[in-house]
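Accompanying notes for the structure given below.
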Amino acid sequence: MSASSSFFRKNQYLNLFLLGWLVLGLLQAGFSELWDDEAYYWVYSQHLDWGYFDHPPMIALLIKIGYGIFHNELGVRLLVVILNTLTLWITARLIAFKDMKLFYLLTGAMGAMQVGGMLAVPDVPLIFFAAVYFWIYKLFLNEQSWKNTLLLGLSMALMFYSKYHGVLLVFFTLLSNINLLKVFKFWVACLLTTLLFFPHIYWQYTHDFPSLQYHLVERNAAAYDISFSLDYLAGQLALFGPVVGWLILYYAFRSPLQNAFERALKFCTIGVLGFFLVSTFKGRVEANWTVMLFTPVMVLAHQAVVRKQLTQKWLLYTLPVTLLLVLAVRVYLVWNFLPGVEIRPEVHDNKKWIAAVAAKAQGRPVVFINSYQLPSKYMFYTGNLSYSLNNQYSRRSQYNYWDTETQLWGHPVMVVFDPGAGIPVTDSLKTVHGVWDYYLDTAYYSYSRIQFKPALKQIKARPGEHISVVLQPFNEYRQPIQLDRDNEPVIGYGFKNKDTSLPAVKLATTLETAMLRRLVSLEVVAPEKPGKYQLKFSVFAGDLPPTHNSPVIPVEVSK
């Protein structure tokens with residue numbers, strides 16, 4: 001028997017299945033334009049660091065390596081596709097390569113894993129390293145050797161470097177087996193994880209923990225909406241299978257437990273799903289935040305069907321429907337066969353709108369207002385410098401931490417924005433994604449990396465009350481600030497609540513005056529209407545909107 005024949009006959013054609021999965025993923029990766037977030041993470045990879053505003057650095061490193069091989073979409077996604085395929089191999093290993101027909105049916109039912117497995121986003125490495133973590137944890141339970149101890153610590157660290165959500169898997173694993181606290185080598189593994197993850201923790205510390213600030217303060221909704229919970233539940237059913245996701249989760253919940261490893265899988269499945277359901281009471285939860293449960297759900301559902309002799313007919317009968325849906329999505333990602341129907345417009349016609357913007361820019365750097373996706377796409381497909389300027393009411397991004405602004409100070413740029421942004425308009429630009437206004441600035445200045453840290457963490461005030469707020473200015477650029485002498489930048493503030501954003505207020509204090517002081521005291525007038533607000537301080541530079549220059553300060557106005 002030849003080597004190739006032996007390869008394809010091993011494990012009931014698993015290798016052939018994985019090879020086909022890999023080839024499909026690579027083809028999809030090579031012929032599909034980048035999604036918005038993928039382009040953003042590609043920019044990450046051009047600025048390798050131990051951390052970023054939104055995520056740990058794993059996705060940036062993977063893209064850096066792949067893009068070093070192929071300078072195109074395939075390069076961005078190369079390692080992600082490989083990790084996605086390896087995830088299936090590890091999952092098959094965890095079921096001991098038994099009843100592989102059932103394994104193929106379960107995998108085929110999960111459309112999100114088939115289509116999303118080629119996207120260069122943090123979820124895919126998280127899924128992979130979560131699978132590695134469970135594999136190593138099973139080995140550790142069987143034999144607490146030093147090798148398995150070190151591998152367990154490494155797997156946890158790699159999971160955390162992929163996405164913060166991985167910490168939930170470790171937490172619920174510990175809940176499933178409290179006796180781990182008595183195991184010396186488990187503590188050694190945790191210590192190793194801490195040491196390996198320390199560079200990222202230090203990055204967060206030196207940047208004032210921006211991820212925590214955003215997710216725990218800025219991202220929270222002002223009031224609960226039942227749609228948060230309903231959308232989350234619907235999203236989970238779709239995530240684990242567009243047709244029979246409910247059935248796969250039912251099987252996973254019904255799976256009988258025979259050992260500590262399987263108990264950990266079930267604790268993680270129920271715990272993570274429950275944790276994010278509870279989180280919907282504080283704000284909207286994205287469906288993909290639970291993707292790390294792919295391996296636990298697969299293993300539990302598989303074991304339930306095998307041990308309880310549950311029927312496989314629904315998996316078999318619905319498989320053609322799922323595969324047809326997946327095929328339609330795969331084709332749509334490459335070819336827009338539904339023109340005029342905006343399902344995910346970001347995946348089509350990127351080169352067209354970028355060419356239109358580049359023609360107007362005529363070599364100038366392009367600044368987009370309130371979008372980290374558009375400048376990322378623009379840089380990827382043109383190679384030209386671009387930047388995202390966020391006003392005080394928009395969310396921050398990693399662009400608030402890069403020194404791109406310093407390359408733009410005093411130079412001509414093209415500022416692109418949606419109509420009605422309050423910026424002078426040179427002309428309008430019609431693209432496949434709508435009409436944008438633009439402004440040709442002869443000498444650009446903005447100051448997003450100036451930060452004002454408030455002495456007060458929260459404020460209680462009466463309507464219209466004048467409040468003195470003490471701020472500590474910080475220059476987070478690695479060089480002296482270049483000031484626009486023709487349009488002196490000044491400090492200001494603005495209030496926002498769940499219903500509206502109040503007009504920003506300019507103060508008389510100039511940026512130069514504030515930066516020359518160790519502390520600066522500014523007078524703020526509370527809103528007239530009682531309620532809960534967010535207060536932010538800003539820098540007003542020229543004709544640009546006020547920028548995001550302070551942490552959020554919660555303000556409660558009451559009579």
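Each chain in the structure tokens gets a letter, A, B and so on, in the order shown; residues start at 1 in every chain, and ligands are counted from 1 in the order they appear.
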I need the residues in stretch 155-398 of chain A that are strand (DSSP E) according to DSSP; give them as a PDB file with N, CA and C atoms, in the first residue's frame.
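So the final result, stored in result_28.pdb, reads:
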ATOM      1  N   VAL A 366      -5.289  60.286   4.004  1.00  0.00           N
ATOM      2  CA  VAL A 366      -6.735  60.414   4.155  1.00  0.00           C
ATOM      3  C   VAL A 366      -7.122  60.157   5.609  1.00  0.00           C
ATOM      4  N   VAL A 367      -7.881  61.089   6.194  1.00  0.00           N
ATOM      5  CA  VAL A 367      -8.370  60.964   7.565  1.00  0.00           C
ATOM      6  C   VAL A 367      -9.870  60.699   7.515  1.00  0.00           C
ATOM      7  N   PHE A 368     -10.304  59.587   8.090  1.00  0.00           N
ATOM      8  CA  PHE A 368     -11.722  59.257   8.163  1.00  0.00           C
ATOM      9  C   PHE A 368     -12.234  59.590   9.564  1.00  0.00           C
ATOM     10  N   ILE A 369     -13.431  60.141   9.645  1.00  0.00           N
ATOM     11  CA  ILE A 369     -14.012  60.510  10.928  1.00  0.00           C
ATOM     12  C   ILE A 369     -14.851  59.357  11.475  1.00  0.00           C
ATOM     13  N   SER A 386      -3.264  56.460   6.174  1.00  0.00           N
ATOM     14  CA  SER A 386      -4.621  56.863   6.516  1.00  0.00           C
ATOM     15  C   SER A 386      -4.757  56.845   8.032  1.00  0.00           C
ATOM     16  N   TYR A 387      -5.806  57.515   8.523  1.00  0.00           N
ATOM     17  CA  TYR A 387      -5.952  57.679   9.970  1.00  0.00           C
ATOM     18  C   TYR A 387      -7.423  57.777  10.335  1.00  0.00           C
ATOM     19  N   SER A 388      -7.757  57.341  11.557  1.00  0.00           N
ATOM     20  CA  SER A 388      -9.115  57.461  12.080  1.00  0.00           C
ATOM     21  C   SER A 388      -9.139  58.490  13.192  1.00  0.00           C
ATOM     22  N   LEU A 389      -9.932  59.526  13.008  1.00  0.00           N
ATOM     23  CA  LEU A 389     -10.108  60.546  14.041  1.00  0.00           C
ATOM     24  C   LEU A 389     -11.475  60.353  14.680  1.00  0.00           C
TER      25      LEU A 389
END
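Taking only C-alpha atoms, the non-local environment of A:Tyr378 within 10 Å (same-chain residues fewer than 5 positions away omitted) comprises Ala39, Asn350, Lys351, Trp353, Ile354, Ala355, Val357, Ala358, Val366, Phe368, Gln373, Gly383, Asn384, Leu385, Ser386 and Tyr387 of chain A.
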What parts of stretch 114-170 of chain A does DSSP call helix (DSSP H, G or I)? I'd like the answer as a ChimeraX atom specification. /A:114-116,123-142,146-162,166-170
All residues 12 Å or closer to A:Phe198, only C-alpha atoms, same chain fewer than 4 positions away omitted, as an MDAnalysis selection string: chainID A and resid 50:51 56 157 160:161 190:194 202:205
Record the distance separating atom CA of A:Glu465 and atom CA of A:Ala504, expressed in Å with one decimal.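 Computed distance, atom CA of A:Glu465 to atom CA of A:Ala504, equals 16.7 Å.
In this comparison, which uses only C-alpha atoms, the residue of A:Pro463, A:Val416, A:Val539, A:Tyr477 approaching A:Gly494 most closely is A:Val539.
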Using atom CA of A:Tyr251 and atom CA of A:Phe134 as the two end points, give the distance in Å to one decimal.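 Calculated distance between atom CA of A:Tyr251 and atom CA of A:Phe134 is 19.4 Å.
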Please report, as JSON lines, each residue of stretch 39-154 of chain A lying at most 10 Å from stretch 291-306 of chain A, together with the nearest pair of atoms and the separation in Å rounded to one decimal; use only C-alpha atoms, and order rows by chain and ascending residue number.
{"residue": "A:Thr87", "atom": "CA", "partner": "A:Thr295", "partner_atom": "CA", "distance": 8.0}
{"residue": "A:Leu88", "atom": "CA", "partner": "A:Thr295", "partner_atom": "CA", "distance": 8.3}
{"residue": "A:Ile90", "atom": "CA", "partner": "A:Thr295", "partner_atom": "CA", "distance": 8.5}
{"residue": "A:Thr91", "atom": "CA", "partner": "A:Thr295", "partner_atom": "CA", "distance": 5.8}
{"residue": "A:Ala92", "atom": "CA", "partner": "A:Val299", "partner_atom": "CA", "distance": 8.3}
{"residue": "A:Arg93", "atom": "CA", "partner": "A:Val299", "partner_atom": "CA", "distance": 9.8}
{"residue": "A:Leu94", "atom": "CA", "partner": "A:Val299", "partner_atom": "CA", "distance": 7.1}
{"residue": "A:Ile95", "atom": "CA", "partner": "A:Val299", "partner_atom": "CA", "distance": 6.3}
{"residue": "A:Lys98", "atom": "CA", "partner": "A:His302", "partner_atom": "CA", "distance": 9.4}
{"residue": "A:Asp99", "atom": "CA", "partner": "A:Val306", "partner_atom": "CA", "distance": 8.0}
{"residue": "A:Met100", "atom": "CA", "partner": "A:His302", "partner_atom": "CA", "distance": 9.6}
{"residue": "A:Leu102", "atom": "CA", "partner": "A:His302", "partner_atom": "CA", "distance": 6.9}
{"residue": "A:Phe103", "atom": "CA", "partner": "A:His302", "partner_atom": "CA", "distance": 6.9}
{"residue": "A:Leu105", "atom": "CA", "partner": "A:His302", "partner_atom": "CA", "distance": 9.8}
{"residue": "A:Leu106", "atom": "CA", "partner": "A:Met298", "partner_atom": "CA", "distance": 7.0}
{"residue": "A:Thr107", "atom": "CA", "partner": "A:Met298", "partner_atom": "CA", "distance": 7.9}
{"residue": "A:Met110", "atom": "CA", "partner": "A:Phe294", "partner_atom": "CA", "distance": 9.1}
{"residue": "A:Ala112", "atom": "CA", "partner": "A:Val291", "partner_atom": "CA", "distance": 9.3}
{"residue": "A:Met113", "atom": "CA", "partner": "A:Phe294", "partner_atom": "CA", "distance": 8.3}
{"residue": "A:Asp123", "atom": "CA", "partner": "A:Val291", "partner_atom": "CA", "distance": 6.7}
{"residue": "A:Val124", "atom": "CA", "partner": "A:Val291", "partner_atom": "CA", "distance": 8.3}
{"residue": "A:Pro125", "atom": "CA", "partner": "A:Met292", "partner_atom": "CA", "distance": 9.3}
{"residue": "A:Leu126", "atom": "CA", "partner": "A:Met292", "partner_atom": "CA", "distance": 6.1}
{"residue": "A:Ile127", "atom": "CA", "partner": "A:Met292", "partner_atom": "CA", "distance": 4.6}
{"residue": "A:Phe128", "atom": "CA", "partner": "A:Met292", "partner_atom": "CA", "distance": 8.1}
{"residue": "A:Phe129", "atom": "CA", "partner": "A:Met292", "partner_atom": "CA", "distance": 8.7}
{"residue": "A:Ala130", "atom": "CA", "partner": "A:Met292", "partner_atom": "CA", "distance": 6.1}
{"residue": "A:Ala131", "atom": "CA", "partner": "A:Thr295", "partner_atom": "CA", "distance": 5.9}
{"residue": "A:Val132", "atom": "CA", "partner": "A:Thr295", "partner_atom": "CA", "distance": 9.6}
{"residue": "A:Phe134", "atom": "CA", "partner": "A:Pro296", "partner_atom": "CA", "distance": 8.2}
{"residue": "A:Trp135", "atom": "CA", "partner": "A:Thr295", "partner_atom": "CA", "distance": 9.8}
Can I get the selected residues back with C-alpha atoms, as a PDB file, in the first residue's frame?
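Just written: result18.pdb:
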ATOM      1  CA  THR A  87      -9.018  22.571  15.689  1.00  0.00           C
ATOM      2  CA  LEU A  88     -11.030  19.843  13.982  1.00  0.00           C
ATOM      3  CA  ILE A  90      -7.850  18.054  18.075  1.00  0.00           C
ATOM      4  CA  THR A  91     -11.613  17.769  18.555  1.00  0.00           C
ATOM      5  CA  ALA A  92     -11.625  14.428  16.736  1.00  0.00           C
ATOM      6  CA  ARG A  93      -8.781  13.299  18.971  1.00  0.00           C
ATOM      7  CA  LEU A  94     -10.792  14.197  22.087  1.00  0.00           C
ATOM      8  CA  ILE A  95     -13.530  11.796  20.986  1.00  0.00           C
ATOM      9  CA  LYS A  98     -14.697   7.088  17.344  1.00  0.00           C
ATOM     10  CA  ASP A  99     -17.910   7.152  15.274  1.00  0.00           C
ATOM     11  CA  MET A 100     -16.425   9.608  12.780  1.00  0.00           C
ATOM     12  CA  LEU A 102     -21.301  11.420  13.634  1.00  0.00           C
ATOM     13  CA  PHE A 103     -18.321  13.763  13.914  1.00  0.00           C
ATOM     14  CA  LEU A 105     -22.458  15.302  10.683  1.00  0.00           C
ATOM     15  CA  LEU A 106     -21.942  17.562  13.695  1.00  0.00           C
ATOM     16  CA  THR A 107     -19.192  19.505  11.957  1.00  0.00           C
ATOM     17  CA  MET A 110     -22.077  24.111  12.216  1.00  0.00           C
ATOM     18  CA  ALA A 112     -20.365  29.327  11.274  1.00  0.00           C
ATOM     19  CA  MET A 113     -17.311  27.115  11.750  1.00  0.00           C
ATOM     20  CA  ASP A 123     -12.153  34.223  17.561  1.00  0.00           C
ATOM     21  CA  VAL A 124     -10.428  31.600  15.393  1.00  0.00           C
ATOM     22  CA  PRO A 125      -7.162  31.392  17.373  1.00  0.00           C
ATOM     23  CA  LEU A 126      -9.273  31.452  20.557  1.00  0.00           C
ATOM     24  CA  ILE A 127     -11.235  28.413  19.336  1.00  0.00           C
ATOM     25  CA  PHE A 128      -7.980  26.644  18.457  1.00  0.00           C
ATOM     26  CA  PHE A 129      -6.142  27.355  21.698  1.00  0.00           C
ATOM     27  CA  ALA A 130      -9.284  26.508  23.682  1.00  0.00           C
ATOM     28  CA  ALA A 131      -9.226  23.089  21.989  1.00  0.00           C
ATOM     29  CA  VAL A 132      -5.519  22.778  22.839  1.00  0.00           C
ATOM     30  CA  PHE A 134      -8.930  21.049  26.827  1.00  0.00           C
ATOM     31  CA  TRP A 135      -6.652  18.479  25.214  1.00  0.00           C
TER      32      TRP A 135
END
One number please: atom CA of A:Val525 to atom CA of A:Pro546, in Å, one decimal. 17.5 Å
Need to verify the contact set: A:Ala264, 8 Å, only C-alpha atoms, exclusion of same-chain residues closer than 2 positions in sequence. Can you return it as a VMD selection string? chain A and resid 172 to 174 176 to 177 260 to 262 266 to 268
If you count only C-alpha atoms, which residues fall within 9 Å of A:Asp441, apart from same-chain ones fewer than 6 positions away, as a compact mmCIF listing (two decimals) with N, CA, C and O atoms, in the first residue's frame?
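Written output follows (part_36.txt):
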# COMPACT_ATOMS: atom_id res chain seq x y z
N HIS A 411 0.73 68.94 7.64
CA HIS A 411 0.74 68.49 6.26
C HIS A 411 -0.67 68.55 5.66
O HIS A 411 -1.67 68.42 6.37
N PRO A 412 -0.77 68.68 4.34
CA PRO A 412 -2.09 68.64 3.71
C PRO A 412 -2.67 67.23 3.75
O PRO A 412 -1.96 66.25 3.50
N VAL A 413 -3.95 67.14 4.10
CA VAL A 413 -4.64 65.85 4.15
C VAL A 413 -6.04 66.01 3.56
O VAL A 413 -6.53 67.12 3.37
N MET A 414 -6.66 64.88 3.30
CA MET A 414 -8.06 64.86 2.89
C MET A 414 -8.87 64.23 4.02
O MET A 414 -8.59 63.10 4.44
N VAL A 415 -9.85 64.96 4.54
CA VAL A 415 -10.70 64.48 5.63
C VAL A 415 -12.03 64.03 5.03
O VAL A 415 -12.70 64.80 4.36
Best match for closeness to A:Arg330 among A:Asn72, A:Gln114, A:Gln398, A:Ser211, counting only C-alpha atoms: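 Nearest to A:Arg330: A:Gln114.
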Best match for closeness to A:Thr149 among A:Leu195, A:Val183, A:Met515, A:Ile450, counting only C-alpha atoms: A:Val183
Shell of 9 Å around A:Ser229, only C-alpha atoms, local chain residues under 5 positions omitted, as JSON, numbers by chain: {"A": [234, 277, 278, 279, 280, 281, 284, 285]}
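Taking only C-alpha atoms into account, A:Arg307 lies nearest to A:Ala252 out of the set A:Val244, A:Ile226, A:Ala252, A:Ile481.
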Neighbouring residues of A:Lys496 were defined as those with any atom within 12 Å, considering only C-alpha atoms; residues of the same chain fewer than 3 positions away were excluded. Please report them as a list in words. Glu218, Ala222, Gln392, Tyr393, Ser394, Tyr493, Asp499, Thr500, Ser501, Leu502, Pro503, Ala504, Ala526, Pro527, Lys529, Gly531, Lys532, Tyr533, Gln534, Leu535, Lys536, Phe537, Val552, Ile553, Pro554, Val555 and Glu556 of chain A
May I ask which of the residues A:Pro320, A:Gly153, A:Pro473, A:Pro345 is the closest one to A:Tyr332, counting only C-alpha atoms? A:Pro345
